[in-house]
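What follows is the content of input39.json (JSON, C-alpha atoms and all ligand atoms).
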```json
[["chain", "number", "residue", "atom", "x", "y", "z"],
["T", 741, "MET", "CA", 13.24, -86.26, 25.66],
["T", 742, "ALA", "CA", 15.40, -85.16, 22.82],
["T", 743, "GLU", "CA", 17.50, -82.35, 21.52],
["T", 744, "ILE", "CA", 16.60, -81.12, 18.04],
["T", 745, "ILE", "CA", 19.22, -79.74, 15.69],
["T", 746, "LEU", "CA", 18.46, -77.94, 12.44],
["T", 747, "LYS", "CA", 21.56, -77.75, 10.26],
["T", 748, "ASN", "CA", 21.48, -75.35, 7.30],
["T", 749, "ILE", "CA", 17.78, -75.94, 6.78],
["T", 750, "SER", "CA", 16.21, -74.24, 3.80],
["T", 751, "LYS", "CA", 12.81, -74.62, 2.19],
["T", 752, "LYS", "CA", 11.74, -73.47, -1.24],
["T", 753, "PHE", "CA", 8.20, -73.49, -2.59],
["T", 754, "LYS", "CA", 8.74, -73.27, -6.36],
["T", 755, "GLU", "CA", 11.20, -70.38, -6.66],
["T", 756, "GLU", "CA", 10.43, -68.74, -3.33],
["T", 757, "GLU", "CA", 12.73, -69.55, -0.44],
["T", 758, "VAL", "CA", 10.55, -69.24, 2.68],
["T", 759, "VAL", "CA", 13.04, -70.70, 5.17],
["T", 760, "LYS", "CA", 16.64, -69.67, 4.74],
["T", 761, "ASN", "CA", 19.58, -71.59, 6.08],
["T", 762, "LEU", "CA", 18.39, -72.10, 9.65],
["T", 763, "ASN", "CA", 20.91, -73.27, 12.20],
["T", 764, "VAL", "CA", 19.15, -73.91, 15.47],
["T", 765, "THR", "CA", 19.71, -76.13, 18.46],
["T", 766, "ILE", "CA", 16.64, -76.80, 20.57],
["T", 767, "ARG", "CA", 17.78, -77.94, 23.98],
["T", 768, "ASP", "CA", 16.64, -81.27, 25.34],
["T", 769, "GLY", "CA", 13.72, -80.69, 27.72],
["T", 770, "SER", "CA", 13.43, -76.98, 26.90],
["T", 771, "PHE", "CA", 10.30, -74.96, 26.21],
["T", 772, "THR", "CA", 11.46, -73.29, 23.02],
["T", 773, "VAL", "CA", 9.23, -70.71, 21.36],
["T", 774, "LEU", "CA", 9.53, -69.83, 17.70],
["T", 775, "VAL", "CA", 8.03, -66.37, 17.29],
["T", 776, "GLY", "CA", 7.65, -63.98, 14.38],
["T", 777, "PRO", "CA", 5.14, -62.19, 12.18],
["T", 778, "SER", "CA", 2.61, -64.04, 10.06],
["T", 779, "GLY", "CA", 4.17, -65.63, 6.97],
["T", 780, "CYS", "CA", 7.76, -65.67, 8.30],
["T", 781, "GLY", "CA", 8.06, -69.47, 8.06],
["T", 782, "LYS", "CA", 7.15, -70.72, 11.55],
["T", 783, "SER", "CA", 4.67, -73.40, 10.52],
["T", 784, "THR", "CA", 6.86, -74.54, 7.65],
["T", 785, "THR", "CA", 9.75, -75.00, 10.09],
["T", 786, "LEU", "CA", 7.58, -77.04, 12.48],
["T", 787, "ARG", "CA", 6.23, -79.13, 9.65],
["T", 788, "MET", "CA", 9.77, -79.96, 8.54],
["T", 789, "ILE", "CA", 10.71, -81.03, 12.07],
["T", 790, "ALA", "CA", 7.61, -83.24, 12.20],
["T", 791, "GLY", "CA", 8.32, -84.65, 8.74],
["T", 792, "LEU", "CA", 5.12, -83.29, 7.20],
["T", 793, "GLU", "CA", 7.17, -81.21, 4.80],
["T", 794, "GLN", "CA", 10.55, -82.15, 3.31],
["T", 795, "GLN", "CA", 13.31, -79.54, 3.56],
["T", 796, "SER", "CA", 14.93, -78.45, 0.27],
["T", 797, "SER", "CA", 18.36, -78.74, 1.86],
["T", 798, "GLY", "CA", 20.02, -79.33, 5.22],
["T", 799, "ASP", "CA", 19.75, -81.93, 7.96],
["T", 800, "ILE", "CA", 17.40, -82.42, 10.91],
["T", 801, "TRP", "CA", 18.58, -84.33, 13.95],
["T", 802, "ILE", "CA", 16.37, -85.54, 16.78],
["T", 803, "GLY", "CA", 18.36, -86.97, 19.65],
["T", 804, "ASP", "CA", 21.25, -88.85, 18.06],
["T", 805, "GLU", "CA", 19.38, -89.67, 14.88],
["T", 806, "CYS", "CA", 19.33, -87.86, 11.55],
["T", 807, "VAL", "CA", 15.62, -87.97, 10.66],
["T", 808, "ASN", "CA", 15.79, -86.63, 7.09],
["T", 809, "ASP", "CA", 14.41, -89.85, 5.65],
["T", 810, "LEU", "CA", 12.05, -90.80, 8.49],
["T", 811, "PRO", "CA", 8.28, -90.43, 7.87],
["T", 812, "PRO", "CA", 6.26, -88.45, 10.48],
["T", 813, "GLY", "CA", 5.06, -91.59, 12.25],
["T", 814, "LYS", "CA", 8.63, -92.69, 12.97],
["T", 815, "ARG", "CA", 9.90, -89.40, 14.44],
["T", 816, "ASN", "CA", 8.32, -89.80, 17.86],
["T", 817, "ILE", "CA", 6.82, -86.32, 17.75],
["T", 818, "ALA", "CA", 3.29, -85.24, 18.65],
["T", 819, "MET", "CA", 1.74, -82.15, 17.10],
["T", 820, "VAL", "CA", -1.04, -79.93, 18.40],
["T", 821, "PHE", "CA", -2.51, -77.35, 16.05],
["T", 822, "GLN", "CA", -4.87, -74.43, 16.32],
["T", 823, "ASN", "CA", -7.55, -76.37, 14.46],
["T", 824, "TYR", "CA", -7.41, -79.56, 16.45],
["T", 825, "ALA", "CA", -10.26, -81.47, 14.80],
["T", 826, "LEU", "CA", -11.77, -83.88, 17.30],
["T", 827, "TYR", "CA", -13.97, -86.76, 16.16],
["T", 828, "PRO", "CA", -17.47, -85.40, 16.87],
["T", 829, "THR", "CA", -19.21, -88.77, 17.19],
["T", 830, "MET", "CA", -16.67, -90.17, 19.66],
["T", 831, "THR", "CA", -16.55, -89.43, 23.37],
["T", 832, "VAL", "CA", -13.56, -87.67, 24.94],
["T", 833, "LYS", "CA", -12.25, -91.08, 25.91],
["T", 834, "GLY", "CA", -12.73, -92.39, 22.38],
["T", 835, "ASN", "CA", -10.84, -89.41, 20.98],
["T", 836, "ILE", "CA", -7.90, -89.93, 23.32],
["T", 837, "GLU", "CA", -7.89, -93.66, 22.77],
["T", 838, "PHE", "CA", -8.11, -93.60, 18.99],
["T", 839, "GLY", "CA", -4.39, -93.34, 18.26],
["T", 840, "LEU", "CA", -3.62, -96.06, 20.80],
["T", 841, "LYS", "CA", -6.03, -98.50, 19.18],
["T", 842, "ASN", "CA", -4.33, -97.81, 15.86],
["T", 843, "LYS", "CA", -1.01, -98.67, 17.45],
["T", 844, "LYS", "CA", -2.55, -101.87, 18.82],
["T", 845, "VAL", "CA", -1.85, -101.00, 22.44],
["T", 846, "PRO", "CA", -3.61, -103.63, 24.62],
["T", 847, "LYS", "CA", -6.86, -102.58, 26.35],
["T", 848, "LYS", "CA", -5.51, -102.71, 29.89],
["T", 849, "GLU", "CA", -2.57, -100.52, 29.00],
["T", 850, "ARG", "CA", -4.87, -98.10, 27.14],
["T", 851, "GLU", "CA", -7.13, -97.73, 30.17],
["T", 852, "LYS", "CA", -4.16, -96.99, 32.40],
["T", 853, "LEU", "CA", -2.72, -94.36, 30.04],
["T", 854, "ILE", "CA", -6.09, -92.65, 29.59],
["T", 855, "ARG", "CA", -6.64, -92.46, 33.34],
["T", 856, "GLU", "CA", -3.15, -91.10, 33.94],
["T", 857, "ILE", "CA", -3.30, -88.48, 31.22],
["T", 858, "SER", "CA", -6.89, -87.32, 31.72],
["T", 859, "GLU", "CA", -5.88, -86.63, 35.30],
["T", 860, "ILE", "CA", -2.91, -84.53, 34.22],
["T", 861, "VAL", "CA", -5.01, -82.37, 31.86],
["T", 862, "GLY", "CA", -8.08, -82.29, 34.12],
["T", 863, "LEU", "CA", -10.51, -84.28, 31.99],
["T", 864, "THR", "CA", -11.33, -87.11, 34.38],
["T", 865, "ASP", "CA", -14.96, -86.00, 34.74],
["T", 866, "TYR", "CA", -15.51, -85.53, 31.03],
["T", 867, "LEU", "CA", -14.38, -88.84, 29.54],
["T", 868, "ASP", "CA", -17.90, -89.92, 28.55],
["T", 869, "LYS", "CA", -18.90, -86.57, 27.03],
["T", 870, "LYS", "CA", -19.00, -85.75, 23.33],
["T", 871, "PRO", "CA", -16.85, -82.83, 22.09],
["T", 872, "ASN", "CA", -19.89, -80.60, 21.40],
["T", 873, "LYS", "CA", -20.65, -80.65, 25.15],
["T", 874, "LEU", "CA", -17.22, -79.19, 25.99],
["T", 875, "SER", "CA", -15.89, -75.65, 26.24],
["T", 876, "GLY", "CA", -13.11, -74.44, 23.95],
["T", 877, "GLY", "CA", -10.51, -74.94, 26.67],
["T", 878, "GLN", "CA", -11.70, -78.46, 27.38],
["T", 879, "ARG", "CA", -11.54, -79.33, 23.69],
["T", 880, "GLN", "CA", -8.01, -77.98, 23.55],
["T", 881, "ARG", "CA", -7.16, -80.24, 26.51],
["T", 882, "VAL", "CA", -8.54, -83.25, 24.64],
["T", 883, "ALA", "CA", -6.25, -82.39, 21.74],
["T", 884, "LEU", "CA", -3.33, -82.21, 24.18],
["T", 885, "ALA", "CA", -4.29, -85.50, 25.82],
["T", 886, "ARG", "CA", -4.55, -87.15, 22.43],
["T", 887, "ALA", "CA", -1.00, -86.06, 21.68],
["T", 888, "MET", "CA", 0.33, -86.94, 25.15],
["T", 889, "VAL", "CA", -1.04, -90.43, 25.19],
["T", 890, "LYS", "CA", 1.52, -91.42, 22.56],
["T", 891, "LYS", "CA", 4.34, -90.50, 24.96],
["T", 892, "PRO", "CA", 6.29, -88.59, 22.34],
["T", 893, "LYS", "CA", 9.89, -87.43, 22.76],
["T", 894, "VAL", "CA", 8.95, -84.01, 21.42],
["T", 895, "PHE", "CA", 5.78, -81.88, 21.45],
["T", 896, "ILE", "CA", 5.21, -79.46, 18.64],
["T", 897, "LEU", "CA", 2.51, -76.86, 19.13],
["T", 898, "ASP", "CA", 1.48, -74.52, 16.33],
["T", 899, "GLU", "CA", -0.45, -71.52, 17.70],
["T", 900, "PRO", "CA", -2.61, -73.89, 19.76],
["T", 901, "LEU", "CA", -4.36, -71.13, 21.71],
["T", 902, "SER", "CA", -5.25, -68.72, 18.90],
["T", 903, "ASN", "CA", -8.91, -69.75, 18.80],
["T", 904, "LEU", "CA", -9.51, -69.22, 22.51],
["T", 905, "ASP", "CA", -10.71, -66.03, 24.16],
["T", 906, "ALA", "CA", -8.19, -63.90, 26.06],
["T", 907, "LYS", "CA", -9.02, -65.16, 29.55],
["T", 908, "LEU", "CA", -8.90, -68.81, 28.61],
["T", 909, "ARG", "CA", -5.77, -68.23, 26.57],
["T", 910, "SER", "CA", -3.96, -66.87, 29.58],
["T", 911, "GLN", "CA", -5.15, -69.78, 31.74],
["T", 912, "MET", "CA", -4.06, -72.32, 29.12],
["T", 913, "ARG", "CA", -0.63, -70.66, 28.91],
["T", 914, "SER", "CA", -0.04, -71.38, 32.59],
["T", 915, "GLU", "CA", -1.40, -74.89, 32.19],
["T", 916, "LEU", "CA", 0.95, -75.60, 29.31],
["T", 917, "ILE", "CA", 3.92, -74.33, 31.31],
["T", 918, "GLN", "CA", 2.90, -76.61, 34.19],
["T", 919, "LEU", "CA", 2.43, -79.50, 31.80],
["T", 920, "HIS", "CA", 5.89, -78.99, 30.38],
["T", 921, "LYS", "CA", 7.35, -78.99, 33.88],
["T", 922, "LYS", "CA", 5.53, -82.19, 34.74],
["T", 923, "LEU", "CA", 6.50, -84.06, 31.58],
["T", 924, "GLY", "CA", 10.02, -82.73, 31.12],
["T", 925, "THR", "CA", 9.60, -83.33, 27.38],
["T", 926, "THR", "CA", 11.00, -80.94, 24.76],
["T", 927, "PHE", "CA", 8.31, -78.46, 23.67],
["T", 928, "VAL", "CA", 8.58, -76.46, 20.47],
["T", 929, "TYR", "CA", 5.90, -73.80, 20.51],
["T", 930, "VAL", "CA", 4.98, -71.44, 17.70],
["T", 931, "THR", "CA", 3.20, -68.12, 18.12],
["T", 932, "HIS", "CA", 3.06, -64.73, 16.39],
["T", 933, "ASP", "CA", 2.39, -63.10, 19.78],
["T", 934, "GLN", "CA", 5.53, -61.69, 21.42],
["T", 935, "VAL", "CA", 3.85, -61.43, 24.84],
["T", 936, "GLU", "CA", 3.02, -65.12, 24.70],
["T", 937, "ALA", "CA", 6.58, -65.92, 23.60],
["T", 938, "MET", "CA", 8.14, -63.87, 26.39],
["T", 939, "SER", "CA", 5.90, -65.31, 29.08],
["T", 940, "MET", "CA", 6.11, -68.95, 28.05],
["T", 941, "GLY", "CA", 9.51, -69.69, 26.57],
["T", 942, "ASP", "CA", 12.62, -70.52, 28.48],
["T", 943, "GLU", "CA", 14.27, -70.01, 25.13],
["T", 944, "ILE", "CA", 12.90, -67.96, 22.26],
["T", 945, "ALA", "CA", 13.92, -67.83, 18.62],
["T", 946, "ILE", "CA", 12.81, -64.79, 16.65],
["T", 947, "LEU", "CA", 12.12, -65.43, 13.00],
["T", 948, "ASN", "CA", 11.63, -62.89, 10.23],
["T", 949, "LYS", "CA", 11.34, -63.60, 6.52],
["T", 950, "GLY", "CA", 12.63, -67.14, 6.96],
["T", 951, "THR", "CA", 15.74, -66.12, 8.92],
["T", 952, "ILE", "CA", 16.50, -66.43, 12.61],
["T", 953, "GLN", "CA", 17.12, -62.93, 13.97],
["T", 954, "GLN", "CA", 18.13, -63.95, 17.45],
["T", 955, "MET", "CA", 17.84, -66.81, 19.90],
["T", 956, "GLY", "CA", 18.20, -66.71, 23.66],
["T", 957, "SER", "CA", 16.34, -66.40, 26.92],
["T", 958, "PRO", "CA", 13.43, -63.91, 26.95],
["T", 959, "MET", "CA", 15.46, -61.58, 29.20],
["T", 960, "ASN", "CA", 18.48, -61.83, 26.93],
["T", 961, "VAL", "CA", 16.62, -60.90, 23.74],
["T", 962, "TYR", "CA", 14.68, -58.18, 25.55],
["T", 963, "HIS", "CA", 17.70, -56.50, 27.10],
["T", 964, "GLU", "CA", 20.22, -57.17, 24.36],
["T", 965, "PRO", "CA", 18.45, -57.23, 21.02],
["T", 966, "ASN", "CA", 20.87, -57.89, 18.15],
["T", 967, "ASN", "CA", 19.10, -55.68, 15.66],
["T", 968, "ILE", "CA", 16.28, -53.22, 15.11],
["T", 969, "PHE", "CA", 13.81, -55.86, 14.00],
["T", 970, "THR", "CA", 14.18, -57.80, 17.25],
["T", 971, "ALA", "CA", 14.07, -54.65, 19.39],
["T", 972, "GLU", "CA", 10.87, -53.43, 17.72],
["T", 973, "PHE", "CA", 9.22, -56.82, 17.63],
["T", 974, "ILE", "CA", 9.90, -57.58, 21.27],
["T", 975, "GLY", "CA", 9.23, -54.00, 22.33],
["T", 976, "THR", "CA", 12.57, -53.13, 23.91],
["T", 977, "PRO", "CA", 12.40, -49.46, 24.91],
["T", 978, "ALA", "CA", 14.69, -47.38, 22.68],
["T", 1001, "LIG", "P1", 3.90, -68.68, 9.41],
["T", 1001, "LIG", "O1", 3.52, -69.97, 10.04],
["T", 1001, "LIG", "O2", 5.07, -68.02, 10.05],
["T", 1001, "LIG", "O3", 2.74, -67.75, 9.31],
["T", 1001, "LIG", "P2", 4.29, -70.28, 7.04],
["T", 1001, "LIG", "O4", 5.40, -71.19, 7.37],
["T", 1001, "LIG", "O5", 2.92, -70.85, 7.07],
["T", 1001, "LIG", "O6", 4.38, -68.97, 7.90],
["T", 1001, "LIG", "O7", 4.52, -69.73, 5.57],
["T", 1001, "LIG", "C1", 5.75, -69.12, 5.16],
["T", 1001, "LIG", "C2", 5.63, -68.71, 3.68],
["T", 1001, "LIG", "O8", 5.55, -69.89, 2.89],
["T", 1001, "LIG", "C3", 4.38, -67.90, 3.37],
["T", 1001, "LIG", "O9", 4.74, -66.93, 2.40],
["T", 1001, "LIG", "C4", 3.44, -68.92, 2.77],
["T", 1001, "LIG", "O10", 2.56, -68.32, 1.88],
["T", 1001, "LIG", "C5", 4.39, -69.87, 2.08],
["T", 1001, "LIG", "N1", 3.87, -71.26, 2.04],
["T", 1001, "LIG", "C6", 3.60, -72.04, 3.12],
["T", 1001, "LIG", "N2", 3.17, -73.27, 2.73],
["T", 1001, "LIG", "C7", 3.20, -73.25, 1.36],
["T", 1001, "LIG", "C8", 2.89, -74.23, 0.37],
["T", 1001, "LIG", "N3", 2.48, -75.47, 0.68],
["T", 1001, "LIG", "N4", 3.04, -73.87, -0.93],
["T", 1001, "LIG", "C9", 3.49, -72.64, -1.26],
["T", 1001, "LIG", "N5", 3.80, -71.67, -0.37],
["T", 1001, "LIG", "C10", 3.66, -71.97, 0.92],
["T", 1002, "MG", "MG", 1.65, -70.60, 10.85]]
```

Translate the structure of the given file into structure tokens.
Ligand code: ADP
Ligand code: MG
Amino acid sequence: MAEIILKNISKKFKEEEVVKNLNVTIRDGSFTVLVGPSGCGKSTTLRMIAGLEQQSSGDIWIGDECVNDLPPGKRNIAMVFQNYALYPTMTVKGNIEFGLKNKKVPKKEREKLIREISEIVGLTDYLDKKPNKLSGGQRQRVALARAMVKKPKVFILDEPLSNLDAKLRSQMRSELIQLHKKLGTTFVYVTHDQVEAMSMGDEIAILNKGTIQQMGSPMNVYHEPNNIFTAEFIGTPA
């Protein structure tokens, strides 16, 4: 588990500043949702936390460590995206195991981790199947398992349910909330969907044009929006 602190984080692509002086504390063990319209800088912010993109200025802290100069592999973060490409020729087990083999985890330990985690995400009966034999929800679970098996301190999820149909999306929302409860790990979750943000986050940060508009509990931002943007975006009755 780890707290994440963004201190005066800005990001410029050429001349355009797409993230502007963010100051955010993501509580240790929280389910924090970053929500805002398309293009407001959500993915860029996640990518900076993960180390896939370097900030133009400011500091990022994870736990008690300033990670500005740490490459992604050293940040102890796992990412799950919308387009979670699985290896089509490998079985579910092979897909989950792949990262562990790379890290030279011994076979016995790998088997134990795979058993434990496939149970948590409900894939025990599918370990020998190839991805093309799975439903969308099952494939998304493989992507989650692949991230979980590394036992990261932080999970970063970038619109992971966008490709699923409405029914499955709502089921996966509950599953992710349960998963977070079970693991107790810090989750940072990005979505453009305010309903998803309100129903999933214990803390939500509303982003617009690269600036945080408001951060607080769903009830807090709903009942006490700081500005018109937040009120309209969240749908607070006027
Ligand atoms: P969101 O995830 O909220 O939809 P992004 O973080 O992907 O937004 O993008 C924020 C802004 O930064 C957008 O205007 C986007 O076009 C721009 N942007 C993102 N990545 C790059 C890049 N690699 N090069 C140039 N512009 C980028
Ligand atoms: Mg995005």

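Where the distance criterion is 7 Å and the atoms used are all atoms listed in the file, the residues close to ligand MG 1002 (chain T) are Ser778, Gly779, Lys782, Ser783 and Asp898 of chain T.
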
Could you produce a table of the residues of chain T lying within 12 Å of ligand LIG 1001 (chain T), with the nearest pair of atoms per residue and their separation in Å rounded to one decimal, using all atoms listed in the file, ordered by chain and increasing residue number, as JSON lines?
```
{"residue": "T:Ser750", "atom": "CA", "partner": "T:LIG1001", "partner_atom": "O8", "distance": 11.5}
{"residue": "T:Lys751", "atom": "CA", "partner": "T:LIG1001", "partner_atom": "O8", "distance": 8.7}
{"residue": "T:Lys752", "atom": "CA", "partner": "T:LIG1001", "partner_atom": "N5", "distance": 8.2}
{"residue": "T:Phe753", "atom": "CA", "partner": "T:LIG1001", "partner_atom": "C9", "distance": 5.0}
{"residue": "T:Lys754", "atom": "CA", "partner": "T:LIG1001", "partner_atom": "C9", "distance": 7.3}
{"residue": "T:Glu755", "atom": "CA", "partner": "T:LIG1001", "partner_atom": "C9", "distance": 9.7}
{"residue": "T:Glu756", "atom": "CA", "partner": "T:LIG1001", "partner_atom": "N5", "distance": 7.8}
{"residue": "T:Glu757", "atom": "CA", "partner": "T:LIG1001", "partner_atom": "O8", "distance": 7.9}
{"residue": "T:Val758", "atom": "CA", "partner": "T:LIG1001", "partner_atom": "O8", "distance": 5.0}
{"residue": "T:Val759", "atom": "CA", "partner": "T:LIG1001", "partner_atom": "C1", "distance": 7.5}
{"residue": "T:Lys760", "atom": "CA", "partner": "T:LIG1001", "partner_atom": "C1", "distance": 10.9}
{"residue": "T:Leu774", "atom": "CA", "partner": "T:LIG1001", "partner_atom": "O2", "distance": 9.0}
{"residue": "T:Val775", "atom": "CA", "partner": "T:LIG1001", "partner_atom": "O2", "distance": 8.0}
{"residue": "T:Gly776", "atom": "CA", "partner": "T:LIG1001", "partner_atom": "O2", "distance": 6.5}
{"residue": "T:Pro777", "atom": "CA", "partner": "T:LIG1001", "partner_atom": "O2", "distance": 6.2}
{"residue": "T:Ser778", "atom": "CA", "partner": "T:LIG1001", "partner_atom": "O3", "distance": 3.8}
{"residue": "T:Gly779", "atom": "CA", "partner": "T:LIG1001", "partner_atom": "O3", "distance": 3.5}
{"residue": "T:Cys780", "atom": "CA", "partner": "T:LIG1001", "partner_atom": "O2", "distance": 4.0}
{"residue": "T:Gly781", "atom": "CA", "partner": "T:LIG1001", "partner_atom": "O4", "distance": 3.2}
{"residue": "T:Lys782", "atom": "CA", "partner": "T:LIG1001", "partner_atom": "O2", "distance": 3.7}
{"residue": "T:Ser783", "atom": "CA", "partner": "T:LIG1001", "partner_atom": "O1", "distance": 3.6}
{"residue": "T:Thr784", "atom": "CA", "partner": "T:LIG1001", "partner_atom": "O4", "distance": 3.7}
{"residue": "T:Thr785", "atom": "CA", "partner": "T:LIG1001", "partner_atom": "O4", "distance": 6.4}
{"residue": "T:Leu786", "atom": "CA", "partner": "T:LIG1001", "partner_atom": "O4", "distance": 8.1}
{"residue": "T:Arg787", "atom": "CA", "partner": "T:LIG1001", "partner_atom": "O4", "distance": 8.3}
{"residue": "T:Met788", "atom": "CA", "partner": "T:LIG1001", "partner_atom": "O4", "distance": 9.9}
{"residue": "T:Leu792", "atom": "CA", "partner": "T:LIG1001", "partner_atom": "N3", "distance": 10.5}
{"residue": "T:Glu793", "atom": "CA", "partner": "T:LIG1001", "partner_atom": "N3", "distance": 8.5}
{"residue": "T:Gln794", "atom": "CA", "partner": "T:LIG1001", "partner_atom": "N3", "distance": 10.8}
{"residue": "T:Gln795", "atom": "CA", "partner": "T:LIG1001", "partner_atom": "N3", "distance": 11.9}
{"residue": "T:Phe821", "atom": "CA", "partner": "T:LIG1001", "partner_atom": "O1", "distance": 11.3}
{"residue": "T:Gln822", "atom": "CA", "partner": "T:LIG1001", "partner_atom": "O1", "distance": 11.4}
{"residue": "T:Leu897", "atom": "CA", "partner": "T:LIG1001", "partner_atom": "O1", "distance": 11.5}
{"residue": "T:Asp898", "atom": "CA", "partner": "T:LIG1001", "partner_atom": "O1", "distance": 8.0}
{"residue": "T:Glu899", "atom": "CA", "partner": "T:LIG1001", "partner_atom": "O1", "distance": 8.8}
{"residue": "T:Tyr929", "atom": "CA", "partner": "T:LIG1001", "partner_atom": "O1", "distance": 11.4}
{"residue": "T:Val930", "atom": "CA", "partner": "T:LIG1001", "partner_atom": "O1", "distance": 7.9}
{"residue": "T:Thr931", "atom": "CA", "partner": "T:LIG1001", "partner_atom": "O2", "distance": 8.3}
{"residue": "T:His932", "atom": "CA", "partner": "T:LIG1001", "partner_atom": "O2", "distance": 7.4}
{"residue": "T:Asp933", "atom": "CA", "partner": "T:LIG1001", "partner_atom": "O2", "distance": 11.2}
{"residue": "T:Ile946", "atom": "CA", "partner": "T:LIG1001", "partner_atom": "O2", "distance": 10.7}
{"residue": "T:Leu947", "atom": "CA", "partner": "T:LIG1001", "partner_atom": "O2", "distance": 8.1}
{"residue": "T:Asn948", "atom": "CA", "partner": "T:LIG1001", "partner_atom": "O2", "distance": 8.3}
{"residue": "T:Lys949", "atom": "CA", "partner": "T:LIG1001", "partner_atom": "C1", "distance": 8.0}
{"residue": "T:Gly950", "atom": "CA", "partner": "T:LIG1001", "partner_atom": "C1", "distance": 7.4}
{"residue": "T:Thr951", "atom": "CA", "partner": "T:LIG1001", "partner_atom": "O2", "distance": 10.9}
{"residue": "T:Ile952", "atom": "CA", "partner": "T:LIG1001", "partner_atom": "O2", "distance": 11.8}
```

Skipping near chain neighbours, those fewer than 6 positions away, what residues fall within 8 Å of region 802-816 of chain T using all atoms listed in the file, listed as a short mmCIF file (atom, residue, chain, number, x, y, z; two decimals) with C-alpha atoms, in the frame of the given file?
```cif
data_model
loop_
_atom_site.label_atom_id
_atom_site.label_comp_id
_atom_site.auth_asym_id
_atom_site.auth_seq_id
_atom_site.Cartn_x
_atom_site.Cartn_y
_atom_site.Cartn_z
CA MET T 741 13.24 -86.26 25.66
CA ALA T 742 15.40 -85.16 22.82
CA GLU T 743 17.50 -82.35 21.52
CA ILE T 744 16.60 -81.12 18.04
CA ILE T 745 19.22 -79.74 15.69
CA ALA T 790 7.61 -83.24 12.20
CA GLY T 791 8.32 -84.65 8.74
CA LEU T 792 5.12 -83.29 7.20
CA GLN T 794 10.55 -82.15 3.31
CA PRO T 892 6.29 -88.59 22.34
CA LYS T 893 9.89 -87.43 22.76
CA VAL T 894 8.95 -84.01 21.42
#
```

Could you name the residues that touch Ile857 (chain T) at 10 Å or less, counting only C-alpha atoms, but leaving out those on the same chain fewer than 2 positions away, as a compact mmCIF listing (two decimals) with C-alpha atoms, keeping the file's coordinate frame?
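Now in selection.txt:
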```txt
# COMPACT_ATOMS: atom_id res chain seq x y z
CA ILE T 836 -7.90 -89.93 23.32
CA LYS T 852 -4.16 -96.99 32.40
CA LEU T 853 -2.72 -94.36 30.04
CA ILE T 854 -6.09 -92.65 29.59
CA ARG T 855 -6.64 -92.46 33.34
CA GLU T 859 -5.88 -86.63 35.30
CA ILE T 860 -2.91 -84.53 34.22
CA VAL T 861 -5.01 -82.37 31.86
CA GLY T 862 -8.08 -82.29 34.12
CA LEU T 863 -10.51 -84.28 31.99
CA THR T 864 -11.33 -87.11 34.38
CA VAL T 882 -8.54 -83.25 24.64
CA LEU T 884 -3.33 -82.21 24.18
CA ALA T 885 -4.29 -85.50 25.82
CA ARG T 886 -4.55 -87.15 22.43
CA MET T 888 0.33 -86.94 25.15
CA VAL T 889 -1.04 -90.43 25.19
```

*When you draw a straight line from CA of His963 (chain T) to CA of Thr765 (chain T), how long is it in Å?*
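Rounded to one decimal, the two atoms are 21.5 Å apart.
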
*Have a look at CA of Thr831 (chain T) and CA of Phe927 (chain T) and let me know their distance in Å, one decimal.*
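Here the two named atoms are 27.2 Å from each other.
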
*Please provide the set of residues having any atom within 10 Å of Arg850 (chain T), restricted to all atoms listed in the file, with same-chain residues fewer than 6 positions apart removed, written as a ChimeraX atom specification.*
/T:836-838,840-841,844,856,889

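Take CA of Ser939 (chain T) and CA of Phe771 (chain T): the distance between them is 11.0 Å.
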
*Please provide as a list in words all residues within 10 Å of Arg909 (chain T), with the sequence filter that same-chain residues fewer than 4 positions apart are discarded (counting only C-alpha atoms).*
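Contacts, in chain order: Gly876, Gly877, Pro900, Leu901, Ser902, Asn903, Leu904, Asp905, Arg913, Ser914, Glu915 and Glu936 of chain T.
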
Write to file, as a short mmCIF file (atom, residue, chain, number, x, y, z; two decimals), in the frame of the given file, the residues of the selection just made, with C-alpha atoms.
```cif
data_model
loop_
_atom_site.label_atom_id
_atom_site.label_comp_id
_atom_site.auth_asym_id
_atom_site.auth_seq_id
_atom_site.Cartn_x
_atom_site.Cartn_y
_atom_site.Cartn_z
CA GLY T 876 -13.11 -74.44 23.95
CA GLY T 877 -10.51 -74.94 26.67
CA PRO T 900 -2.61 -73.89 19.76
CA LEU T 901 -4.36 -71.13 21.71
CA SER T 902 -5.25 -68.72 18.90
CA ASN T 903 -8.91 -69.75 18.80
CA LEU T 904 -9.51 -69.22 22.51
CA ASP T 905 -10.71 -66.03 24.16
CA ARG T 913 -0.63 -70.66 28.91
CA SER T 914 -0.04 -71.38 32.59
CA GLU T 915 -1.40 -74.89 32.19
CA GLU T 936 3.02 -65.12 24.70
#
```

_Of the listed residues T:Asp868, T:His920, T:Met955, T:Arg767, that which approaches Asn967 (chain T) most closely, counting all atoms listed in the file_ =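 With all atoms listed in the file as the atom set, the closest residue is T:Met955.
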
*Which of T:Val845, T:Ala937, T:Leu919, T:Val832 sits closest to Asp865 (chain T) [using only C-alpha atoms]*: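 Closest candidate: T:Val832.
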
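Candidate residues T:Leu923, T:Val773, T:Met819, T:Met830 were compared for distance to Ser957 (chain T), and the nearest is T:Val773, using all atoms listed in the file.
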
_Nearest residue to Lys921 (chain T) from the set T:Glu849, T:Asn872, T:Asp942, T:Ala906 (distances using only C-alpha atoms)_ =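 Among T:Glu849, T:Asn872, T:Asp942, T:Ala906, it is T:Asp942 that comes nearest to Lys921 (chain T).
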
_Tell me which residues come within 6 Å of (19.7, -74.3, 12.2), as a PyMOL selection string, counting only C-alpha atoms in the file's coordinates._
chain T and resi 746-749+762-764
